[in-house]
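What follows is a set of notes on a single structure, which appears directly below.
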Amino acid sequence: MSQTPLISFIVTTYNLPKELLQNCLQSIVSLSLTPSEREIIIIDDGSERSLINELGDTRDQCIYIRRANQGLSGARNTGIGMAHGQYLQFVDGDDLLLKQPYEHIIELLRKYAPDMVMFQLTHETKVSEEYVDSKIVSGASYMKNNNLHSSACGYVFRRQSLGELRFTHNIYHEDEEFTPLLLLCINTLITTNAHAYFYRITPHSITRDSNPAKQRKRLDDTRDILFRLMRISDRMPYMDKTSLQRRIAQLSMDYLYNAMVMTRDINYVEDCVRKLRSQGLFPLPKKNYTPKYAWFRRLCHHKAGRVILLHLLRAKER
């Protein structure tokens with residue numbers, strides 16, 4: 001390339017209808033970035049058929065990589081290895097970038113050159129708002145003082161900040177591990193209320209799949225992520241460790257809550273508690289991170305409270 005692109009867009013796709021992928025790519029090429037300022041890398045993760053010949057006018061503006069199916073983590077890692085841009089933006093092939101708010105993201109990159117801009121996701125295609133941006137902080141400082149929405153599509157970040165960090169293969173909820181570790185590598189972060197990314201709600205998404213085996217894998221993968229993050233935090237400087245511990249505590253809460261929601265089985269939930277306790281992750285830390293966290297921590301502290309939570313969830317279904 002004659003110059004380094006400002007943003008490399010890593011678009012992952014697997015057996016998507018051509019219309020969805022076409023719309024996704026059109027939302028990228030419609031931005032004010034010139035062809036030399038953008039790089040669009042499509043990673044086709046083993047779809048039954050290639051869509052390269054059905055991309056219309058955007059075909060010649062993209063790099064299309066088709067590979068054997070290895071999952072989302074592997075697809076994103078392949079895109080990282082191909083990218084040349086100053087910044088990386090992950091995009092799922094059935095989603096969209098919303099033009100006006102994403103132009104605001106580009107403006108922040110040009111004006112301040114931060115390591116990361118974190119924005120809002122939405123399932124509405126029409127958004128109208130006045131943008132409110134934060135002061136520049138480090139990623140560790142942000143994670144220490146805020147709830148974290150971990151979707152890797154919810155931010156654009158400097159490629160050089162990655163270092164050797166990559167997504168873990170063959171797990172669900174890979175963003176829950178990747179995003180907090182990436183934030184610890186971010187020196188300058190701007191957050192904004194701009195709803196710049198449209199995500200499509202589908203009945204076949206991982207979070208909506210009611211298959212018991214897949215639900216148990218989701219829970220097991222979350223538990224394993226927790227244990228890896230805990231081991232990593234033990235080797236960190238105090239500031240980074242404190243920041244990551246907040247995320248670990250909130251993810252532990254999510255793990256127990258999802259175990260209740262998915263299984264409705266007190267014996268399974270108690271087994272989850274025992275596993276967390278064996279690694280020093282239970283009881284949950286006595287912190288007031290959020291009202292929801294404080295309420296859940298108190299109620300799940302004893303088995304009687306966990307039984308009450310299960311009864312409440314069952315009653316909610318009726």
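Chain labels run A, B, ... following the order of the structure tokens; each chain numbers its residues from 1, and ligands are numbered from 1 in the order shown.
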DSSP-assigned strand (DSSP E) among stretch 82-131 of chain A, expressed as a ChimeraX atom specification | /A:87-92,96-97,116-122
Can I get the selected residues back with all heavy atoms, as a short mmCIF file (atom, residue, chain, number, x, y, z; two decimals), in the first residue's frame?
```
data_model
loop_
_atom_site.label_atom_id
_atom_site.label_comp_id
_atom_site.auth_asym_id
_atom_site.auth_seq_id
_atom_site.Cartn_x
_atom_site.Cartn_y
_atom_site.Cartn_z
N TYR A 87 -5.24 1.48 13.23
CA TYR A 87 -6.26 1.03 14.17
C TYR A 87 -6.97 -0.20 13.61
O TYR A 87 -7.05 -0.39 12.39
CB TYR A 87 -7.28 2.13 14.43
CG TYR A 87 -6.74 3.32 15.18
CD1 TYR A 87 -6.20 4.41 14.50
CD2 TYR A 87 -6.77 3.36 16.57
CE1 TYR A 87 -5.70 5.51 15.19
CE2 TYR A 87 -6.26 4.46 17.26
CZ TYR A 87 -5.73 5.52 16.58
OH TYR A 87 -5.22 6.60 17.26
N LEU A 88 -7.53 -1.01 14.52
CA LEU A 88 -8.31 -2.18 14.15
C LEU A 88 -9.74 -2.03 14.65
O LEU A 88 -9.97 -1.56 15.77
CB LEU A 88 -7.71 -3.45 14.75
CG LEU A 88 -6.26 -3.80 14.41
CD1 LEU A 88 -5.88 -5.15 15.03
CD2 LEU A 88 -6.03 -3.81 12.92
N GLN A 89 -10.68 -2.45 13.80
CA GLN A 89 -12.09 -2.48 14.17
C GLN A 89 -12.65 -3.83 13.78
O GLN A 89 -12.65 -4.20 12.60
CB GLN A 89 -12.87 -1.37 13.46
CG GLN A 89 -14.39 -1.44 13.64
CD GLN A 89 -14.83 -1.13 15.05
OE1 GLN A 89 -14.61 -0.02 15.52
NE2 GLN A 89 -15.45 -2.08 15.74
N PHE A 90 -13.14 -4.60 14.76
CA PHE A 90 -13.80 -5.87 14.46
C PHE A 90 -15.26 -5.61 14.11
O PHE A 90 -15.95 -4.83 14.78
CB PHE A 90 -13.72 -6.81 15.66
CG PHE A 90 -12.31 -7.22 16.01
CD1 PHE A 90 -11.73 -6.81 17.21
CD2 PHE A 90 -11.57 -8.01 15.15
CE1 PHE A 90 -10.44 -7.19 17.54
CE2 PHE A 90 -10.27 -8.39 15.47
CZ PHE A 90 -9.70 -7.98 16.67
N VAL A 91 -15.74 -6.30 13.07
CA VAL A 91 -17.13 -6.18 12.65
C VAL A 91 -17.65 -7.57 12.34
O VAL A 91 -17.05 -8.29 11.53
CB VAL A 91 -17.29 -5.28 11.41
CG1 VAL A 91 -18.77 -5.06 11.09
CG2 VAL A 91 -16.57 -3.95 11.58
N ASP A 92 -18.74 -7.97 12.96
CA ASP A 92 -19.40 -9.22 12.58
C ASP A 92 -20.15 -8.99 11.26
O ASP A 92 -20.80 -7.95 11.08
CB ASP A 92 -20.38 -9.67 13.66
CG ASP A 92 -19.66 -10.11 14.93
OD1 ASP A 92 -18.44 -10.36 14.87
OD2 ASP A 92 -20.33 -10.19 15.99
N LEU A 96 -23.69 -3.79 11.29
CA LEU A 96 -23.46 -2.57 10.51
C LEU A 96 -22.73 -1.54 11.36
O LEU A 96 -22.89 -1.49 12.57
CB LEU A 96 -24.78 -1.94 10.05
CG LEU A 96 -25.76 -2.78 9.25
CD1 LEU A 96 -27.09 -2.02 9.13
CD2 LEU A 96 -25.21 -3.09 7.87
N LEU A 97 -21.96 -0.69 10.69
CA LEU A 97 -21.48 0.55 11.30
C LEU A 97 -22.45 1.65 10.91
O LEU A 97 -22.82 1.78 9.75
CB LEU A 97 -20.06 0.88 10.82
CG LEU A 97 -18.98 -0.15 11.16
CD1 LEU A 97 -17.63 0.32 10.63
CD2 LEU A 97 -18.90 -0.41 12.65
N MET A 116 -7.37 3.99 22.04
CA MET A 116 -8.66 3.32 21.88
C MET A 116 -9.78 4.34 22.00
O MET A 116 -9.70 5.29 22.79
CB MET A 116 -8.86 2.23 22.95
CG MET A 116 -10.22 1.54 22.91
SD MET A 116 -10.47 0.35 24.28
CE MET A 116 -9.45 -1.03 23.72
N VAL A 117 -10.84 4.15 21.20
CA VAL A 117 -12.11 4.84 21.40
C VAL A 117 -13.16 3.76 21.62
O VAL A 117 -13.34 2.86 20.80
CB VAL A 117 -12.50 5.71 20.20
CG1 VAL A 117 -13.89 6.33 20.43
CG2 VAL A 117 -11.47 6.82 19.97
N MET A 118 -13.85 3.84 22.75
CA MET A 118 -14.89 2.88 23.10
C MET A 118 -16.24 3.56 22.94
O MET A 118 -16.45 4.67 23.42
CB MET A 118 -14.69 2.40 24.54
CG MET A 118 -15.63 1.30 24.98
SD MET A 118 -15.22 0.70 26.67
CE MET A 118 -13.75 -0.26 26.32
N PHE A 119 -17.16 2.90 22.23
CA PHE A 119 -18.46 3.50 21.91
C PHE A 119 -19.59 2.55 22.28
O PHE A 119 -19.36 1.48 22.85
CB PHE A 119 -18.51 3.89 20.43
CG PHE A 119 -17.99 2.83 19.49
CD1 PHE A 119 -18.79 1.78 19.08
CD2 PHE A 119 -16.68 2.88 19.03
CE1 PHE A 119 -18.32 0.80 18.23
CE2 PHE A 119 -16.19 1.90 18.17
CZ PHE A 119 -17.01 0.85 17.77
N GLN A 120 -20.80 2.93 21.93
CA GLN A 120 -21.99 2.17 22.31
C GLN A 120 -22.48 1.31 21.16
O GLN A 120 -22.38 1.68 19.99
CB GLN A 120 -23.12 3.12 22.74
CG GLN A 120 -22.76 4.02 23.90
CD GLN A 120 -22.48 3.26 25.16
OE1 GLN A 120 -23.24 2.37 25.55
NE2 GLN A 120 -21.37 3.58 25.81
N LEU A 121 -23.03 0.13 21.51
CA LEU A 121 -23.70 -0.74 20.55
C LEU A 121 -25.21 -0.53 20.66
O LEU A 121 -25.72 -0.18 21.73
CB LEU A 121 -23.34 -2.20 20.81
CG LEU A 121 -22.00 -2.71 20.30
CD1 LEU A 121 -20.84 -2.03 21.01
CD2 LEU A 121 -21.88 -4.22 20.49
N THR A 122 -25.91 -0.78 19.58
CA THR A 122 -27.36 -0.61 19.58
C THR A 122 -27.99 -1.62 18.63
O THR A 122 -27.35 -2.09 17.68
CB THR A 122 -27.75 0.82 19.13
OG1 THR A 122 -29.18 0.94 19.10
CG2 THR A 122 -27.19 1.13 17.74
#
```
Which residues are near A:Asp133? Cut-off 7 Å, only C-alpha atoms, ignore same chain within fewer than 6 positions. Put them as an mmCIF file with all heavy atoms, in the first residue's frame.
```cif
data_model
loop_
_atom_site.group_PDB
_atom_site.id
_atom_site.type_symbol
_atom_site.label_atom_id
_atom_site.label_comp_id
_atom_site.auth_asym_id
_atom_site.auth_seq_id
_atom_site.Cartn_x
_atom_site.Cartn_y
_atom_site.Cartn_z
ATOM 1 N N ILE A 190 -10.572 7.057 25.137
ATOM 2 C CA ILE A 190 -11.716 7.961 25.137
ATOM 3 C C ILE A 190 -12.971 7.113 25.033
ATOM 4 O O ILE A 190 -13.054 6.218 24.185
ATOM 5 C CB ILE A 190 -11.663 8.950 23.950
ATOM 6 C CG1 ILE A 190 -10.433 9.847 24.041
ATOM 7 C CG2 ILE A 190 -12.939 9.800 23.903
ATOM 8 C CD1 ILE A 190 -10.245 10.749 22.822
ATOM 9 N N THR A 191 -13.935 7.368 25.890
ATOM 10 C CA THR A 191 -15.239 6.727 25.758
ATOM 11 C C THR A 191 -16.246 7.769 25.297
ATOM 12 O O THR A 191 -16.125 8.959 25.615
ATOM 13 C CB THR A 191 -15.705 6.115 27.086
ATOM 14 O OG1 THR A 191 -15.848 7.156 28.069
ATOM 15 C CG2 THR A 191 -14.703 5.086 27.588
ATOM 16 N N THR A 192 -17.225 7.327 24.532
ATOM 17 C CA THR A 192 -18.239 8.234 24.006
ATOM 18 C C THR A 192 -19.592 7.551 24.041
ATOM 19 O O THR A 192 -19.684 6.316 23.998
ATOM 20 C CB THR A 192 -17.903 8.653 22.555
ATOM 21 O OG1 THR A 192 -18.957 9.467 22.034
ATOM 22 C CG2 THR A 192 -17.714 7.445 21.639
ATOM 23 N N ASN A 193 -20.652 8.350 24.117
ATOM 24 C CA ASN A 193 -22.003 7.798 24.125
ATOM 25 C C ASN A 193 -22.529 7.537 22.715
ATOM 26 O O ASN A 193 -23.683 7.129 22.546
ATOM 27 C CB ASN A 193 -22.962 8.735 24.863
ATOM 28 C CG ASN A 193 -23.202 10.035 24.111
ATOM 29 O OD1 ASN A 193 -22.404 10.427 23.254
ATOM 30 N ND2 ASN A 193 -24.291 10.717 24.428
#
```
At a cut-off of 12 Å, can you tabulate as JSON lines every residue of stretch 139-193 of chain A near stretch 282-288 of chain A together with its closest atom pair and the distance in Å to one decimal, using only C-alpha atoms and ordering rows by chain then number?
```
{"residue": "A:Asn145", "atom": "CA", "partner": "A:Asn288", "partner_atom": "CA", "distance": 11.1}
{"residue": "A:Asn146", "atom": "CA", "partner": "A:Asn288", "partner_atom": "CA", "distance": 11.6}
{"residue": "A:Asn147", "atom": "CA", "partner": "A:Asn288", "partner_atom": "CA", "distance": 11.7}
```
Counting only C-alpha atoms, the residue among A:Arg49, A:Lys214, A:Arg314, A:His169 that lies closest to A:Arg76 is A:His169
I need the residues of stretch 39-124 of chain A that end up classed as alpha helix (DSSP H) by DSSP on the backbone, written out as a PDB file with N, CA and C atoms, in the first residue's frame.
```
ATOM      1  N   GLY A  71     -13.674 -21.175  14.039  1.00  0.00           N
ATOM      2  CA  GLY A  71     -14.362 -20.363  15.028  1.00  0.00           C
ATOM      3  C   GLY A  71     -13.981 -18.894  14.957  1.00  0.00           C
ATOM      4  N   LEU A  72     -14.754 -18.097  15.701  1.00  0.00           N
ATOM      5  CA  LEU A  72     -14.593 -16.643  15.650  1.00  0.00           C
ATOM      6  C   LEU A  72     -13.211 -16.197  16.114  1.00  0.00           C
ATOM      7  N   SER A  73     -12.693 -16.804  17.171  1.00  0.00           N
ATOM      8  CA  SER A  73     -11.380 -16.400  17.675  1.00  0.00           C
ATOM      9  C   SER A  73     -10.307 -16.569  16.607  1.00  0.00           C
ATOM     10  N   GLY A  74     -10.294 -17.734  15.973  1.00  0.00           N
ATOM     11  CA  GLY A  74      -9.308 -17.987  14.938  1.00  0.00           C
ATOM     12  C   GLY A  74      -9.464 -17.045  13.761  1.00  0.00           C
ATOM     13  N   ALA A  75     -10.719 -16.748  13.399  1.00  0.00           N
ATOM     14  CA  ALA A  75     -10.962 -15.838  12.281  1.00  0.00           C
ATOM     15  C   ALA A  75     -10.430 -14.439  12.592  1.00  0.00           C
ATOM     16  N   ARG A  76     -10.692 -13.961  13.792  1.00  0.00           N
ATOM     17  CA  ARG A  76     -10.197 -12.630  14.165  1.00  0.00           C
ATOM     18  C   ARG A  76      -8.667 -12.612  14.230  1.00  0.00           C
ATOM     19  N   ASN A  77      -8.079 -13.672  14.758  1.00  0.00           N
ATOM     20  CA  ASN A  77      -6.618 -13.726  14.821  1.00  0.00           C
ATOM     21  C   ASN A  77      -6.009 -13.709  13.423  1.00  0.00           C
ATOM     22  N   THR A  78      -6.651 -14.387  12.486  1.00  0.00           N
ATOM     23  CA  THR A  78      -6.180 -14.344  11.099  1.00  0.00           C
ATOM     24  C   THR A  78      -6.244 -12.918  10.573  1.00  0.00           C
ATOM     25  N   GLY A  79      -7.334 -12.225  10.862  1.00  0.00           N
ATOM     26  CA  GLY A  79      -7.470 -10.833  10.417  1.00  0.00           C
ATOM     27  C   GLY A  79      -6.414  -9.936  11.028  1.00  0.00           C
ATOM     28  N   ILE A  80      -6.113 -10.143  12.305  1.00  0.00           N
ATOM     29  CA  ILE A  80      -5.071  -9.356  12.966  1.00  0.00           C
ATOM     30  C   ILE A  80      -3.737  -9.545  12.239  1.00  0.00           C
ATOM     31  N   GLY A  81      -3.446 -10.781  11.888  1.00  0.00           N
ATOM     32  CA  GLY A  81      -2.196 -11.063  11.203  1.00  0.00           C
ATOM     33  C   GLY A  81      -2.105 -10.442   9.820  1.00  0.00           C
ATOM     34  N   MET A  82      -3.253 -10.193   9.192  1.00  0.00           N
ATOM     35  CA  MET A  82      -3.271  -9.610   7.848  1.00  0.00           C
ATOM     36  C   MET A  82      -3.275  -8.088   7.864  1.00  0.00           C
ATOM     37  N   LYS A  99     -23.392   5.317  10.111  1.00  0.00           N
ATOM     38  CA  LYS A  99     -22.551   6.327   9.483  1.00  0.00           C
ATOM     39  C   LYS A  99     -22.294   7.552  10.355  1.00  0.00           C
ATOM     40  N   GLN A 100     -23.332   8.251  10.769  1.00  0.00           N
ATOM     41  CA  GLN A 100     -23.118   9.509  11.491  1.00  0.00           C
ATOM     42  C   GLN A 100     -22.348   9.311  12.802  1.00  0.00           C
ATOM     43  N   PRO A 101     -22.774   8.398  13.667  1.00  0.00           N
ATOM     44  CA  PRO A 101     -22.000   8.228  14.914  1.00  0.00           C
ATOM     45  C   PRO A 101     -20.602   7.665  14.677  1.00  0.00           C
ATOM     46  N   TYR A 102     -20.427   6.817  13.652  1.00  0.00           N
ATOM     47  CA  TYR A 102     -19.069   6.304  13.444  1.00  0.00           C
ATOM     48  C   TYR A 102     -18.161   7.385  12.864  1.00  0.00           C
ATOM     49  N   GLU A 103     -18.732   8.338  12.136  1.00  0.00           N
ATOM     50  CA  GLU A 103     -17.928   9.474  11.693  1.00  0.00           C
ATOM     51  C   GLU A 103     -17.382  10.245  12.900  1.00  0.00           C
ATOM     52  N   HIS A 104     -18.162  10.274  13.974  1.00  0.00           N
ATOM     53  CA  HIS A 104     -17.681  10.919  15.199  1.00  0.00           C
ATOM     54  C   HIS A 104     -16.486  10.156  15.773  1.00  0.00           C
ATOM     55  N   ILE A 105     -16.519   8.837  15.686  1.00  0.00           N
ATOM     56  CA  ILE A 105     -15.391   8.031  16.152  1.00  0.00           C
ATOM     57  C   ILE A 105     -14.140   8.363  15.343  1.00  0.00           C
ATOM     58  N   ILE A 106     -14.296   8.457  14.039  1.00  0.00           N
ATOM     59  CA  ILE A 106     -13.164   8.794  13.167  1.00  0.00           C
ATOM     60  C   ILE A 106     -12.617  10.177  13.511  1.00  0.00           C
ATOM     61  N   GLU A 107     -13.520  11.106  13.796  1.00  0.00           N
ATOM     62  CA  GLU A 107     -13.093  12.458  14.179  1.00  0.00           C
ATOM     63  C   GLU A 107     -12.253  12.434  15.453  1.00  0.00           C
ATOM     64  N   LEU A 108     -12.647  11.609  16.426  1.00  0.00           N
ATOM     65  CA  LEU A 108     -11.874  11.499  17.669  1.00  0.00           C
ATOM     66  C   LEU A 108     -10.486  10.910  17.403  1.00  0.00           C
ATOM     67  N   LEU A 109     -10.420   9.925  16.508  1.00  0.00           N
ATOM     68  CA  LEU A 109      -9.123   9.343  16.163  1.00  0.00           C
ATOM     69  C   LEU A 109      -8.204  10.389  15.531  1.00  0.00           C
ATOM     70  N   ARG A 110      -8.762  11.181  14.622  1.00  0.00           N
ATOM     71  CA  ARG A 110      -7.950  12.185  13.928  1.00  0.00           C
ATOM     72  C   ARG A 110      -7.513  13.308  14.878  1.00  0.00           C
ATOM     73  N   LYS A 111      -8.395  13.693  15.777  1.00  0.00           N
ATOM     74  CA  LYS A 111      -8.118  14.848  16.621  1.00  0.00           C
ATOM     75  C   LYS A 111      -7.177  14.523  17.775  1.00  0.00           C
ATOM     76  N   TYR A 112      -7.384  13.355  18.423  1.00  0.00           N
ATOM     77  CA  TYR A 112      -6.640  13.062  19.651  1.00  0.00           C
ATOM     78  C   TYR A 112      -5.649  11.905  19.508  1.00  0.00           C
TER      79      TYR A 112
END
```
Just give me the gap between atom CA of A:Met253 and atom CA of A:Gly139 in Å, one decimal is fine.
-> 21.9 Å
For A:Gln3, list every protein, DNA or RNA residue within 10 Å, evaluated using only C-alpha atoms, and leave out those in the same chain fewer than 4 positions away; present the list as a PyMOL selection string.
-> chain A and resi 36-37+84-85
Skip stretch 240-251 of chain A itself and residues of its chain fewer than 5 positions away, then list as a ChimeraX atom specification all residues within 9 Å of it, counting only C-alpha atoms.
-> /A:140-148,176,180-181,184,222-223,226-227,229-230,232-235,256,281,284-285,287,289,293
Just to be explicit: take each residue in the selection above, keep N, CA, C and O atoms, and write the result as a short mmCIF file (atom, residue, chain, number, x, y, z; two decimals), in the first residue's frame.
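Below is the file that was written, again-v9.cif:
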```
data_model
loop_
_atom_site.label_atom_id
_atom_site.label_comp_id
_atom_site.auth_asym_id
_atom_site.auth_seq_id
_atom_site.Cartn_x
_atom_site.Cartn_y
_atom_site.Cartn_z
N ALA A 140 -6.58 0.86 32.24
CA ALA A 140 -6.65 0.32 33.60
C ALA A 140 -7.51 1.18 34.50
O ALA A 140 -8.30 0.68 35.30
N SER A 141 -7.36 2.51 34.39
CA SER A 141 -8.15 3.42 35.20
C SER A 141 -9.63 3.30 34.87
O SER A 141 -10.49 3.28 35.77
N TYR A 142 -9.94 3.18 33.58
CA TYR A 142 -11.34 3.03 33.19
C TYR A 142 -11.93 1.75 33.77
O TYR A 142 -13.03 1.76 34.35
N MET A 143 -11.22 0.64 33.65
CA MET A 143 -11.74 -0.64 34.12
C MET A 143 -11.87 -0.67 35.63
O MET A 143 -12.75 -1.35 36.18
N LYS A 144 -11.04 0.07 36.33
CA LYS A 144 -11.10 0.11 37.79
C LYS A 144 -12.35 0.83 38.27
O LYS A 144 -12.88 0.52 39.35
N ASN A 145 -12.85 1.78 37.48
CA ASN A 145 -13.92 2.66 37.95
C ASN A 145 -15.23 2.52 37.20
O ASN A 145 -16.18 3.25 37.49
N ASN A 146 -15.31 1.58 36.26
CA ASN A 146 -16.52 1.46 35.44
C ASN A 146 -16.88 0.01 35.19
O ASN A 146 -16.02 -0.87 35.19
N ASN A 147 -18.17 -0.22 34.92
CA ASN A 147 -18.60 -1.51 34.40
C ASN A 147 -18.04 -1.66 32.99
O ASN A 147 -17.88 -0.68 32.26
N LEU A 148 -17.78 -2.88 32.61
CA LEU A 148 -17.17 -3.14 31.31
C LEU A 148 -18.11 -3.94 30.44
O LEU A 148 -18.58 -5.01 30.82
N GLU A 176 -14.67 -11.81 26.69
CA GLU A 176 -14.56 -11.60 28.14
C GLU A 176 -13.12 -11.72 28.63
O GLU A 176 -12.76 -11.14 29.66
N PRO A 180 -10.59 -7.17 28.65
CA PRO A 180 -9.90 -6.63 29.83
C PRO A 180 -8.38 -6.67 29.72
O PRO A 180 -7.70 -5.76 30.19
N LEU A 181 -7.85 -7.71 29.08
CA LEU A 181 -6.39 -7.78 28.92
C LEU A 181 -5.91 -6.71 27.95
O LEU A 181 -4.83 -6.13 28.13
N LEU A 184 -5.67 -3.23 29.62
CA LEU A 184 -4.48 -3.02 30.44
C LEU A 184 -3.28 -2.59 29.60
O LEU A 184 -2.29 -2.11 30.15
N THR A 222 -16.57 -19.78 30.55
CA THR A 222 -16.53 -18.60 31.41
C THR A 222 -15.73 -18.86 32.67
O THR A 222 -14.90 -18.03 33.09
N ARG A 223 -15.95 -20.01 33.29
CA ARG A 223 -15.18 -20.39 34.49
C ARG A 223 -13.68 -20.45 34.18
O ARG A 223 -12.86 -19.94 34.94
N LEU A 226 -12.24 -17.04 33.87
CA LEU A 226 -12.07 -16.47 35.22
C LEU A 226 -10.77 -16.94 35.85
O LEU A 226 -10.00 -16.14 36.40
N PHE A 227 -10.52 -18.22 35.77
CA PHE A 227 -9.32 -18.77 36.41
C PHE A 227 -8.06 -18.26 35.73
O PHE A 227 -7.06 -17.97 36.41
N LEU A 229 -7.73 -15.34 34.11
CA LEU A 229 -7.59 -13.93 34.47
C LEU A 229 -7.06 -13.78 35.89
O LEU A 229 -6.23 -12.90 36.17
N MET A 230 -7.53 -14.65 36.79
CA MET A 230 -7.06 -14.57 38.17
C MET A 230 -5.56 -14.87 38.25
O MET A 230 -4.81 -14.18 38.94
N ILE A 232 -3.35 -14.51 35.90
CA ILE A 232 -2.62 -13.40 35.29
C ILE A 232 -2.55 -12.22 36.25
O ILE A 232 -1.50 -11.57 36.38
N SER A 233 -3.64 -11.93 36.95
CA SER A 233 -3.68 -10.77 37.85
C SER A 233 -2.67 -10.91 38.99
O SER A 233 -2.15 -9.91 39.49
N ASP A 234 -2.39 -12.13 39.40
CA ASP A 234 -1.45 -12.35 40.50
C ASP A 234 -0.04 -11.87 40.17
O ASP A 234 0.76 -11.62 41.07
N ARG A 235 0.27 -11.75 38.88
CA ARG A 235 1.62 -11.35 38.46
C ARG A 235 1.69 -9.88 38.04
O ARG A 235 2.71 -9.45 37.51
N LEU A 256 -22.23 -17.12 38.05
CA LEU A 256 -23.19 -17.74 38.95
C LEU A 256 -24.62 -17.47 38.52
O LEU A 256 -25.48 -18.36 38.55
N LEU A 281 -12.23 -17.24 44.63
CA LEU A 281 -13.13 -16.30 43.96
C LEU A 281 -14.51 -16.24 44.60
O LEU A 281 -15.39 -15.52 44.11
N LEU A 284 -17.90 -13.59 46.87
CA LEU A 284 -17.59 -12.45 46.03
C LEU A 284 -17.06 -11.30 46.89
O LEU A 284 -17.51 -11.13 48.03
N PRO A 285 -16.11 -10.53 46.39
CA PRO A 285 -15.54 -9.42 47.17
C PRO A 285 -16.61 -8.46 47.66
O PRO A 285 -17.57 -8.16 46.95
N LYS A 287 -17.65 -5.40 47.74
CA LYS A 287 -17.49 -4.11 47.07
C LYS A 287 -18.85 -3.64 46.58
O LYS A 287 -19.74 -4.45 46.30
N TYR A 289 -19.57 -2.22 43.65
CA TYR A 289 -19.30 -1.86 42.26
C TYR A 289 -20.54 -1.28 41.59
O TYR A 289 -20.48 -0.27 40.90
N TYR A 293 -24.62 -5.65 41.67
CA TYR A 293 -23.55 -6.49 42.21
C TYR A 293 -23.69 -6.63 43.72
O TYR A 293 -23.60 -7.74 44.28
#
```
Excluding same-chain residues fewer than 4 positions from stretch 299-311 of chain A, what lies within 7 Å of it counting only C-alpha atoms, as an MDAnalysis selection string?
-> chainID A and resid 260 264 266 283 295 315
Those residues you just picked out, can you put them in a file as a short mmCIF file (atom, residue, chain, number, x, y, z; two decimals), in the first residue's frame with N, CA and C atoms?
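The resulting file, out25.cif, is shown below:
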```cif
data_model
loop_
_atom_site.label_atom_id
_atom_site.label_comp_id
_atom_site.auth_asym_id
_atom_site.auth_seq_id
_atom_site.Cartn_x
_atom_site.Cartn_y
_atom_site.Cartn_z
N MET A 260 -27.53 -20.24 37.25
CA MET A 260 -28.89 -20.34 37.76
C MET A 260 -29.91 -20.26 36.64
N ARG A 264 -31.20 -24.01 36.28
CA ARG A 264 -32.25 -24.10 37.32
C ARG A 264 -31.99 -25.28 38.25
N ILE A 266 -29.97 -26.51 41.57
CA ILE A 266 -29.23 -26.05 42.74
C ILE A 266 -27.95 -26.85 42.93
N PRO A 283 -16.33 -16.29 48.74
CA PRO A 283 -17.40 -15.34 48.45
C PRO A 283 -16.93 -14.18 47.55
N TRP A 295 -26.30 -6.25 45.64
CA TRP A 295 -27.50 -7.03 45.98
C TRP A 295 -27.26 -8.51 45.76
N ALA A 315 -40.19 -18.70 39.31
CA ALA A 315 -41.47 -18.00 39.38
C ALA A 315 -41.61 -17.01 38.22
#
```
For A:Ala68, please output as a list in words all residues within 8 Å (counting only C-alpha atoms; exclusion window: fewer than 2 positions along the same chain).
-> Asp45, Gly46, Arg66 and Gln70 of chain A
Suppose we keep C-alpha atoms; can you now write the selection as a short mmCIF file (atom, residue, chain, number, x, y, z; two decimals), in the first residue's frame?
```cif
data_model
loop_
_atom_site.label_atom_id
_atom_site.label_comp_id
_atom_site.auth_asym_id
_atom_site.auth_seq_id
_atom_site.Cartn_x
_atom_site.Cartn_y
_atom_site.Cartn_z
CA ASP A 45 -14.51 -18.96 8.42
CA GLY A 46 -15.30 -22.03 6.31
CA ARG A 66 -11.43 -18.10 2.98
CA GLN A 70 -11.91 -22.64 13.27
#
```
Do you have the atom CA of A:Arg228-atom CA of A:Val137 distance handy?
-> 25.8 Å
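When only C-alpha atoms are used to compute distances to A:Glu174, the closest of the residues A:Asp209, A:Asp221, A:Asp115, A:Asp265 turns out to be A:Asp221.
Atom CA of A:Asp94 sits 22.2 Å away from atom CA of A:Ser128.
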